[in-house]
>>> print(open('work_33.cif').read())   # mmCIF, C-alpha atoms and all ligand atoms
data_input
#
loop_
_atom_site.label_atom_id
_atom_site.label_comp_id
_atom_site.auth_asym_id
_atom_site.auth_seq_id
_atom_site.Cartn_x
_atom_site.Cartn_y
_atom_site.Cartn_z
CA MET A 1 25.03 12.37 14.34
CA SER A 2 21.93 13.92 12.99
CA ALA A 3 21.08 13.65 9.32
CA THR A 4 20.69 16.92 7.50
CA GLY A 5 17.44 17.47 5.75
CA ALA A 6 17.20 19.28 2.45
CA ASP A 7 14.61 21.62 1.01
CA LEU A 8 12.14 20.01 -1.39
CA LYS A 9 10.87 22.52 -3.95
CA ILE A 10 8.21 21.61 -6.45
CA ALA A 11 7.27 24.30 -8.93
CA GLY A 12 4.50 24.18 -11.51
CA VAL A 13 4.69 20.42 -11.84
CA GLU A 14 2.43 18.75 -14.34
CA ALA A 15 2.59 14.98 -14.65
CA GLY A 16 0.45 11.96 -15.37
CA TYR A 17 0.16 8.60 -17.03
CA GLY A 18 0.43 8.23 -20.79
CA GLY A 19 -1.78 10.89 -22.30
CA SER A 20 -3.62 11.77 -19.08
CA THR A 21 -2.52 14.60 -16.81
CA VAL A 22 -3.07 13.98 -13.08
CA LEU A 23 -0.91 16.73 -11.57
CA THR A 24 -2.10 20.00 -13.06
CA GLY A 25 0.44 22.43 -11.59
CA VAL A 26 1.76 21.51 -8.17
CA ASP A 27 3.65 24.16 -6.20
CA LEU A 28 5.02 22.98 -2.89
CA HIS A 29 8.00 23.95 -0.78
CA VAL A 30 8.90 21.71 2.13
CA VAL A 31 11.62 23.43 4.14
CA ALA A 32 14.62 21.40 5.31
CA GLY A 33 13.80 19.58 8.52
CA GLU A 34 10.07 20.20 8.25
CA THR A 35 7.36 17.51 8.39
CA VAL A 36 4.48 18.21 6.03
CA ALA A 37 1.29 16.16 5.78
CA LEU A 38 -0.13 15.92 2.26
CA LEU A 39 -3.85 15.38 2.57
CA GLY A 40 -6.76 15.13 0.15
CA ARG A 41 -9.64 12.98 -0.97
CA ASN A 42 -9.07 9.69 -2.79
CA GLY A 43 -7.79 10.04 -6.31
CA VAL A 44 -6.67 13.70 -6.17
CA GLY A 45 -3.09 12.75 -7.04
CA LYS A 46 -1.19 12.36 -3.77
CA THR A 47 0.48 9.08 -4.68
CA THR A 48 1.12 10.40 -8.18
CA LEU A 49 2.97 13.37 -6.67
CA MET A 50 5.11 11.02 -4.56
CA SER A 51 5.82 8.90 -7.64
CA THR A 52 6.72 12.01 -9.63
CA ILE A 53 9.17 13.16 -6.95
CA MET A 54 10.80 9.71 -7.11
CA GLY A 55 10.87 9.68 -10.91
CA PHE A 56 8.56 6.66 -11.28
CA VAL A 57 6.25 9.02 -13.17
CA SER A 58 7.87 11.54 -15.48
CA THR A 59 7.32 15.26 -15.19
CA HIS A 60 5.68 16.90 -18.24
CA SER A 61 6.51 20.42 -17.10
CA GLY A 62 7.70 22.32 -14.05
CA SER A 63 10.65 21.48 -11.81
CA ILE A 64 11.63 19.54 -8.70
CA HIS A 65 14.62 20.57 -6.61
CA VAL A 66 16.21 18.86 -3.62
CA GLY A 67 18.48 21.38 -1.97
CA ASP A 68 20.30 23.06 -4.86
CA GLU A 69 19.95 20.10 -7.19
CA ASP A 70 17.47 20.03 -10.02
CA ILE A 71 16.24 16.41 -10.04
CA THR A 72 13.39 16.92 -12.52
CA SER A 73 14.94 14.80 -15.25
CA LEU A 74 17.08 12.42 -13.22
CA PRO A 75 16.39 8.69 -13.21
CA THR A 76 15.14 7.25 -9.92
CA HIS A 77 18.49 5.81 -8.80
CA ALA A 78 20.15 9.20 -9.25
CA ARG A 79 17.41 10.86 -7.17
CA ALA A 80 18.13 8.35 -4.43
CA ARG A 81 21.78 9.41 -4.54
CA VAL A 82 20.75 13.05 -4.15
CA GLY A 83 18.91 11.95 -1.02
CA VAL A 84 15.26 11.21 -1.71
CA ALA A 85 13.77 7.96 -0.48
CA ILE A 86 10.23 6.63 -0.37
CA VAL A 87 8.37 4.28 1.93
CA PRO A 88 5.78 3.23 -0.61
CA GLN A 89 2.12 2.54 -0.09
CA GLY A 90 1.73 -1.17 0.63
CA ARG A 91 5.29 -1.40 2.07
CA ARG A 92 6.64 -3.80 -0.56
CA VAL A 93 9.09 -5.72 1.56
CA PHE A 94 10.65 -8.82 0.03
CA ALA A 95 8.42 -11.59 1.36
CA PRO A 96 10.83 -14.56 1.04
CA LEU A 97 13.77 -12.73 2.64
CA THR A 98 14.45 -12.35 6.34
CA VAL A 99 14.24 -8.96 7.99
CA HIS A 100 18.02 -8.89 8.17
CA ASN A 101 18.45 -9.67 4.48
CA ASN A 102 15.77 -7.17 3.46
CA LEU A 103 17.87 -4.57 5.22
CA ARG A 104 21.21 -5.84 3.94
CA ILE A 105 20.06 -5.46 0.34
CA ALA A 106 19.35 -1.80 0.96
CA GLU A 107 22.52 -1.37 3.00
CA GLY A 108 24.74 -2.17 0.04
CA LYS A 109 23.48 0.89 -1.82
CA HIS A 110 23.77 3.51 0.84
CA SER A 111 26.35 6.13 1.48
CA GLY A 112 24.57 7.79 4.36
CA GLU A 113 24.81 7.71 8.09
CA TRP A 114 22.28 5.00 8.76
CA SER A 115 23.90 1.69 9.64
CA LEU A 116 22.00 -1.51 10.24
CA GLU A 117 22.87 -1.18 13.90
CA ARG A 118 21.27 2.25 14.04
CA ILE A 119 18.12 0.95 12.38
CA TYR A 120 17.89 -1.79 15.01
CA GLU A 121 18.37 0.80 17.74
CA LEU A 122 15.59 2.95 16.35
CA MET A 123 13.29 -0.05 15.88
CA PRO A 124 14.26 -2.82 18.34
CA ARG A 125 11.30 -4.89 17.16
CA LEU A 126 13.16 -5.42 13.88
CA ARG A 127 16.16 -6.79 15.73
CA GLU A 128 13.89 -9.24 17.56
CA ARG A 129 12.41 -10.32 14.24
CA ARG A 130 15.64 -10.27 12.25
CA THR A 131 15.54 -13.95 11.28
CA ASN A 132 11.85 -13.90 10.35
CA ARG A 133 10.80 -13.68 6.72
CA GLY A 134 9.05 -10.61 5.36
CA ASP A 135 5.79 -12.50 4.97
CA GLN A 136 5.87 -13.63 8.62
CA LEU A 137 5.74 -10.06 9.91
CA SER A 138 2.74 -8.13 11.18
CA GLY A 139 1.65 -5.04 9.22
CA GLY A 140 3.36 -2.77 11.72
CA GLU A 141 6.61 -4.73 11.52
CA GLN A 142 6.48 -4.62 7.73
CA GLN A 143 6.02 -0.88 7.93
CA MET A 144 9.05 -0.58 10.19
CA LEU A 145 11.05 -2.72 7.79
CA ALA A 146 10.02 -0.52 4.87
CA ILE A 147 11.11 2.54 6.86
CA GLY A 148 14.41 0.85 7.72
CA ARG A 149 15.07 0.07 4.06
CA ALA A 150 14.43 3.68 3.08
CA LEU A 151 16.67 5.01 5.87
CA LEU A 152 19.58 2.87 4.71
CA LEU A 153 19.60 4.97 1.54
CA GLY A 154 20.60 7.94 3.71
CA PRO A 155 17.67 10.22 2.82
CA ARG A 156 17.64 13.96 3.27
CA VAL A 157 14.03 13.94 2.11
CA LEU A 158 11.81 11.02 3.12
CA LEU A 159 8.44 10.38 1.47
CA LEU A 160 5.95 8.24 3.36
CA ASP A 161 2.82 7.08 1.54
CA GLU A 162 0.03 6.15 3.95
CA PRO A 163 2.16 4.42 6.58
CA SER A 164 -0.87 3.90 8.85
CA ASP A 165 -2.81 1.98 6.21
CA GLY A 166 -4.30 -1.20 7.69
CA LEU A 167 -2.60 -0.83 11.08
CA ALA A 168 -4.29 -0.94 14.49
CA PRO A 169 -4.37 2.42 16.32
CA ALA A 170 -1.71 1.44 18.87
CA ILE A 171 0.64 0.42 16.06
CA VAL A 172 -0.09 3.62 14.13
CA ALA A 173 0.98 5.58 17.21
CA GLN A 174 4.19 3.57 17.34
CA VAL A 175 4.96 4.20 13.68
CA MET A 176 4.24 7.92 14.11
CA GLY A 177 6.63 7.91 17.06
CA ILE A 178 9.32 6.66 14.70
CA VAL A 179 8.44 9.36 12.16
CA ARG A 180 8.78 11.98 14.91
CA GLU A 181 12.23 10.68 15.77
CA LEU A 182 13.29 10.96 12.14
CA ALA A 183 12.00 14.51 12.04
CA GLN A 184 14.01 15.26 15.16
CA GLU A 185 17.07 13.95 13.32
CA GLY A 186 16.45 16.77 10.86
CA ILE A 187 15.17 14.69 7.94
CA THR A 188 12.64 16.48 5.74
CA VAL A 189 9.41 14.45 5.74
CA LEU A 190 6.51 14.52 3.30
CA LEU A 191 3.73 12.29 4.56
CA VAL A 192 0.58 11.21 2.73
CA GLU A 193 -1.91 10.11 5.33
CA GLN A 194 -5.64 9.37 5.50
CA ASP A 195 -5.55 9.02 9.29
CA LEU A 196 -5.85 12.65 10.30
CA ARG A 197 -5.08 12.07 13.95
CA ALA A 198 -1.84 10.35 12.93
CA ALA A 199 -0.98 13.12 10.47
CA PHE A 200 -1.64 15.85 13.03
CA SER A 201 0.52 14.06 15.60
CA VAL A 202 3.66 14.55 13.49
CA ALA A 203 3.14 17.33 10.97
CA ASP A 204 4.33 20.92 11.35
CA ARG A 205 2.24 21.91 8.35
CA VAL A 206 -0.65 20.55 6.35
CA VAL A 207 -1.13 20.89 2.61
CA VAL A 208 -4.27 19.75 0.82
CA MET A 209 -4.54 18.59 -2.78
CA GLU A 210 -7.57 18.77 -4.97
CA LYS A 211 -7.71 17.85 -8.65
CA GLY A 212 -3.97 17.60 -9.05
CA ARG A 213 -2.88 20.79 -7.32
CA ILE A 214 -2.30 22.19 -3.85
CA VAL A 215 -5.36 24.18 -2.77
CA HIS A 216 -4.57 24.81 0.88
CA GLU A 217 -1.49 25.26 3.09
CA SER A 218 -1.40 26.07 6.78
CA THR A 219 0.19 25.08 10.04
CA THR A 220 -1.26 21.93 11.54
CA GLU A 221 -2.63 23.96 14.43
CA GLU A 222 -4.41 26.38 12.15
CA PHE A 223 -5.82 23.54 10.05
CA ARG A 224 -7.19 21.77 13.11
CA SER A 225 -8.78 24.91 14.45
CA ASP A 226 -11.16 25.21 11.47
CA ALA A 227 -13.08 21.94 11.37
CA PRO A 228 -15.69 23.07 8.80
CA ARG A 229 -12.93 24.04 6.37
CA ALA A 230 -11.15 20.73 6.96
CA ARG A 231 -14.40 18.88 6.26
CA ARG A 232 -14.94 20.88 3.10
CA LEU A 233 -11.42 20.20 1.86
CA LEU A 234 -11.25 16.55 2.79
CA GLY A 235 -14.88 15.50 2.60
CA VAL A 236 -14.76 13.85 6.01
CA GLY A 237 -17.39 13.94 8.73
N1 LIG B 1 -0.48 3.65 -12.69
C1 LIG B 1 -1.50 4.44 -13.09
N2 LIG B 1 -1.88 4.48 -14.39
C2 LIG B 1 -2.88 5.28 -14.79
N3 LIG B 1 -3.59 6.09 -13.99
C3 LIG B 1 -3.27 6.08 -12.68
C4 LIG B 1 -2.20 5.27 -12.16
N4 LIG B 1 -2.13 5.49 -10.83
C5 LIG B 1 -3.09 6.39 -10.54
N5 LIG B 1 -3.77 6.75 -11.64
C6 LIG B 1 -4.86 7.74 -11.70
O1 LIG B 1 -4.35 8.98 -11.25
C7 LIG B 1 -5.33 9.65 -10.46
C8 LIG B 1 -4.72 10.02 -9.11
O2 LIG B 1 -4.43 8.83 -8.38
P1 LIG B 1 -3.51 8.81 -7.09
O3 LIG B 1 -3.33 7.40 -6.71
O4 LIG B 1 -2.32 9.66 -7.33
O5 LIG B 1 -4.45 9.57 -6.06
P2 LIG B 1 -4.36 9.61 -4.47
O6 LIG B 1 -4.70 11.00 -4.09
O7 LIG B 1 -3.08 9.06 -4.03
O8 LIG B 1 -5.53 8.64 -4.07
P3 LIG B 1 -5.62 7.52 -2.92
O9 LIG B 1 -5.77 8.28 -1.67
O10 LIG B 1 -6.84 6.77 -3.33
O11 LIG B 1 -4.35 6.71 -3.00
C9 LIG B 1 -6.53 8.74 -10.37
O12 LIG B 1 -7.47 9.16 -11.32
C10 LIG B 1 -5.97 7.38 -10.74
O13 LIG B 1 -6.95 6.59 -11.38
#
>>> encode(input="work_33.cif", output="structure tokens", more="lines below")
Ligand SMILES: Nc1ncnc2c1ncn2[C@@H]1O[C@H](COP(=O)(O)OP(=O)(O)OP(=O)(O)O)[C@@H](O)[C@H]1O
Amino acid sequence: MSATGADLKIAGVEAGYGGSTVLTGVDLHVVAGETVALLGRNGVGKTTLMSTIMGFVSTHSGSIHVGDEDITSLPTHARARVGVAIVPQGRRVFAPLTVHNNLRIAEGKHSGEWSLERIYELMPRLRERRTNRGDQLSGGEQQMLAIGRALLLGPRVLLLDEPSDGLAPAIVAQVMGIVRELAQEGITVLLVEQDLRAAFSVADRVVVMEKGRIVHESTTEEFRSDAPRARRLLGVG
């Protein structure tokens, strides 16, 4: 059956590394079941926001809620239990392990509705490659494996950090097709993406970060209809 997404509410979040503040007051509400693309120039804090939602980076002030639960001070493993999972930038699959074992490690921890069988149904390529090691996979296959590992945690909110990075256009389209299917399942998706075409192909809404805060929010359609504004916000040609 379909997974139920949860609201992700970020209010006044300031966070950073050691003494330096990267997020300077992020307000963002992703509604349950929505797919939001988080865009912005390099270094504005997109990955830092993802890391802060996961608890890899601690929040200095403000709050993060998933559904009714305040996760602001929870350790990462407890956030995962509440239903937040990340597909990190760079994929980070276990190179020496087979596809199957990469998935089985994640499977042990989950309580959700994603079985290994369901992952293989969603991404048949992984079933074909199940006895291959992580480091024998193509970039696209690694991305699918990283998505599979996150799904086995039973997420209500799924964070994807630049899933198209380094992939050929045809493979990007395939990965975005998978993201669309997850959205159709009702999972809440927050997607950091440099490939605008890819982002637009899945996102209901677009939010743009600049200097550690959200400076623009609109529907994808509205964002696309104003190319000069998009160029100004993203610094792209
Ligand atoms: N582990 C870290 N330790 C210290 N500073 C960091 C760390 N990671 C990122 N930063 C700094 O935080 C700022 C925001 O970086 P972040 O990676 O969040 O931006 P981004 O918008 O995701 O950029 P990109 O699109 O290049 O990934 C940058 O100034 C960066 O140098």
>>> closest_residue(input="work_33.cif", among="A:Leu39, A:Ile64, A:Ala15, A:Ala170", to="Phe223 of chain A", atoms="all atoms listed in the file")
A:Leu39
>>> residues_around(input="work_33.cif", residues="Ala183 of chain A", least_positions_apart="2", cutoff="9 Å", atoms="all atoms listed in the file", output="PDB file with C-alpha atoms, keeping the file's coordinate frame")
ATOM      1  CA  GLY A   5      17.440  17.470   5.750  1.00  0.00           C
ATOM      2  CA  GLY A  33      13.800  19.580   8.520  1.00  0.00           C
ATOM      3  CA  GLU A  34      10.070  20.200   8.250  1.00  0.00           C
ATOM      4  CA  THR A  35       7.360  17.510   8.390  1.00  0.00           C
ATOM      5  CA  ILE A 178       9.320   6.660  14.700  1.00  0.00           C
ATOM      6  CA  VAL A 179       8.440   9.360  12.160  1.00  0.00           C
ATOM      7  CA  ARG A 180       8.780  11.980  14.910  1.00  0.00           C
ATOM      8  CA  GLU A 181      12.230  10.680  15.770  1.00  0.00           C
ATOM      9  CA  GLU A 185      17.070  13.950  13.320  1.00  0.00           C
ATOM     10  CA  GLY A 186      16.450  16.770  10.860  1.00  0.00           C
ATOM     11  CA  ILE A 187      15.170  14.690   7.940  1.00  0.00           C
ATOM     12  CA  THR A 188      12.640  16.480   5.740  1.00  0.00           C
ATOM     13  CA  VAL A 189       9.410  14.450   5.740  1.00  0.00           C
ATOM     14  CA  VAL A 202       3.660  14.550  13.490  1.00  0.00           C
TER      15      VAL A 202
END
>>> residues_near_ligand(input="work_33.cif", ligand="ligand LIG 1 (chain B)", cutoff="6 Å", atoms="only C-alpha atoms and all ligand atoms", output="list in words")
Tyr17, Val22, Asn42, Gly43, Val44, Gly45, Lys46, Thr47 and Thr48 of chain A
>>> closest_residue(input="work_33.cif", among="A:Gly212, A:Pro155, A:Pro75, A:Gly134", to="Trp114 of chain A", atoms="only C-alpha atoms")
A:Pro155
>>> closest_residue(input="work_33.cif", among="A:Ala11, A:Leu234, A:Leu103, A:Val93", to="Thr59 of chain A", atoms="only C-alpha atoms")
A:Ala11
>>> closest_residue(input="work_33.cif", among="A:His60, A:His29, A:Arg41, A:Arg91", to="Glu162 of chain A", atoms="only C-alpha atoms")
A:Arg91
>>> atom_distance(input="work_33.cif", atom1="atom CA of Arg133 of chain A", atom2="atom CA of Pro96 of chain A")
5.7 Å
>>> closest_residue(input="work_33.cif", among="A:Thr98, A:Val175, A:Ala230, A:Leu158", to="Leu122 of chain A", atoms="all atoms listed in the file")
A:Val175
>>> closest_residue(input="work_33.cif", among="A:Arg118, A:Arg81, A:Arg104, A:Lys9", to="Val66 of chain A", atoms="only C-alpha atoms")
A:Lys9
>>> atom_distance(input="work_33.cif", atom1="atom CA of Gly19 of chain A", atom2="atom CA of Phe56 of chain A")
15.7 Å
>>> atom_distance(input="work_33.cif", atom1="atom CA of Ser115 of chain A", atom2="atom CA of Leu152 of chain A")
6.7 Å
>>> residues_near_point(input="work_33.cif", point="(12.0, 3.4, 1.8)", cutoff="7 Å", atoms="all atoms listed in the file", output="mmCIF file with C-alpha atoms, keeping the file's coordinate frame")
data_model
loop_
_atom_site.group_PDB
_atom_site.id
_atom_site.type_symbol
_atom_site.label_atom_id
_atom_site.label_comp_id
_atom_site.auth_asym_id
_atom_site.auth_seq_id
_atom_site.Cartn_x
_atom_site.Cartn_y
_atom_site.Cartn_z
ATOM 1 C CA ALA A 85 13.770 7.960 -0.480
ATOM 2 C CA ILE A 86 10.230 6.630 -0.370
ATOM 3 C CA VAL A 87 8.370 4.280 1.930
ATOM 4 C CA PRO A 88 5.780 3.230 -0.610
ATOM 5 C CA ALA A 146 10.020 -0.520 4.870
ATOM 6 C CA ILE A 147 11.110 2.540 6.860
ATOM 7 C CA GLY A 148 14.410 0.850 7.720
ATOM 8 C CA ARG A 149 15.070 0.070 4.060
ATOM 9 C CA ALA A 150 14.430 3.680 3.080
ATOM 10 C CA LEU A 151 16.670 5.010 5.870
#
>>> residues_near_point(input="work_33.cif", point="(9.0, 14.4, -13.0)", cutoff="12 Å", atoms="all atoms listed in the file", output="PyMOL selection string")
chain A and resi 10-17+23+25-26+48-65+70-76+79
>>> write_last_selection(input="work_33.cif", atoms="C-alpha atoms", output="short mmCIF file (atom, residue, chain, number, x, y, z; two decimals), in the coordinates of the input")
data_model
loop_
_atom_site.label_atom_id
_atom_site.label_comp_id
_atom_site.auth_asym_id
_atom_site.auth_seq_id
_atom_site.Cartn_x
_atom_site.Cartn_y
_atom_site.Cartn_z
CA ILE A 10 8.21 21.61 -6.45
CA ALA A 11 7.27 24.30 -8.93
CA GLY A 12 4.50 24.18 -11.51
CA VAL A 13 4.69 20.42 -11.84
CA GLU A 14 2.43 18.75 -14.34
CA ALA A 15 2.59 14.98 -14.65
CA GLY A 16 0.45 11.96 -15.37
CA TYR A 17 0.16 8.60 -17.03
CA LEU A 23 -0.91 16.73 -11.57
CA GLY A 25 0.44 22.43 -11.59
CA VAL A 26 1.76 21.51 -8.17
CA THR A 48 1.12 10.40 -8.18
CA LEU A 49 2.97 13.37 -6.67
CA MET A 50 5.11 11.02 -4.56
CA SER A 51 5.82 8.90 -7.64
CA THR A 52 6.72 12.01 -9.63
CA ILE A 53 9.17 13.16 -6.95
CA MET A 54 10.80 9.71 -7.11
CA GLY A 55 10.87 9.68 -10.91
CA PHE A 56 8.56 6.66 -11.28
CA VAL A 57 6.25 9.02 -13.17
CA SER A 58 7.87 11.54 -15.48
CA THR A 59 7.32 15.26 -15.19
CA HIS A 60 5.68 16.90 -18.24
CA SER A 61 6.51 20.42 -17.10
CA GLY A 62 7.70 22.32 -14.05
CA SER A 63 10.65 21.48 -11.81
CA ILE A 64 11.63 19.54 -8.70
CA HIS A 65 14.62 20.57 -6.61
CA ASP A 70 17.47 20.03 -10.02
CA ILE A 71 16.24 16.41 -10.04
CA THR A 72 13.39 16.92 -12.52
CA SER A 73 14.94 14.80 -15.25
CA LEU A 74 17.08 12.42 -13.22
CA PRO A 75 16.39 8.69 -13.21
CA THR A 76 15.14 7.25 -9.92
CA ARG A 79 17.41 10.86 -7.17
#
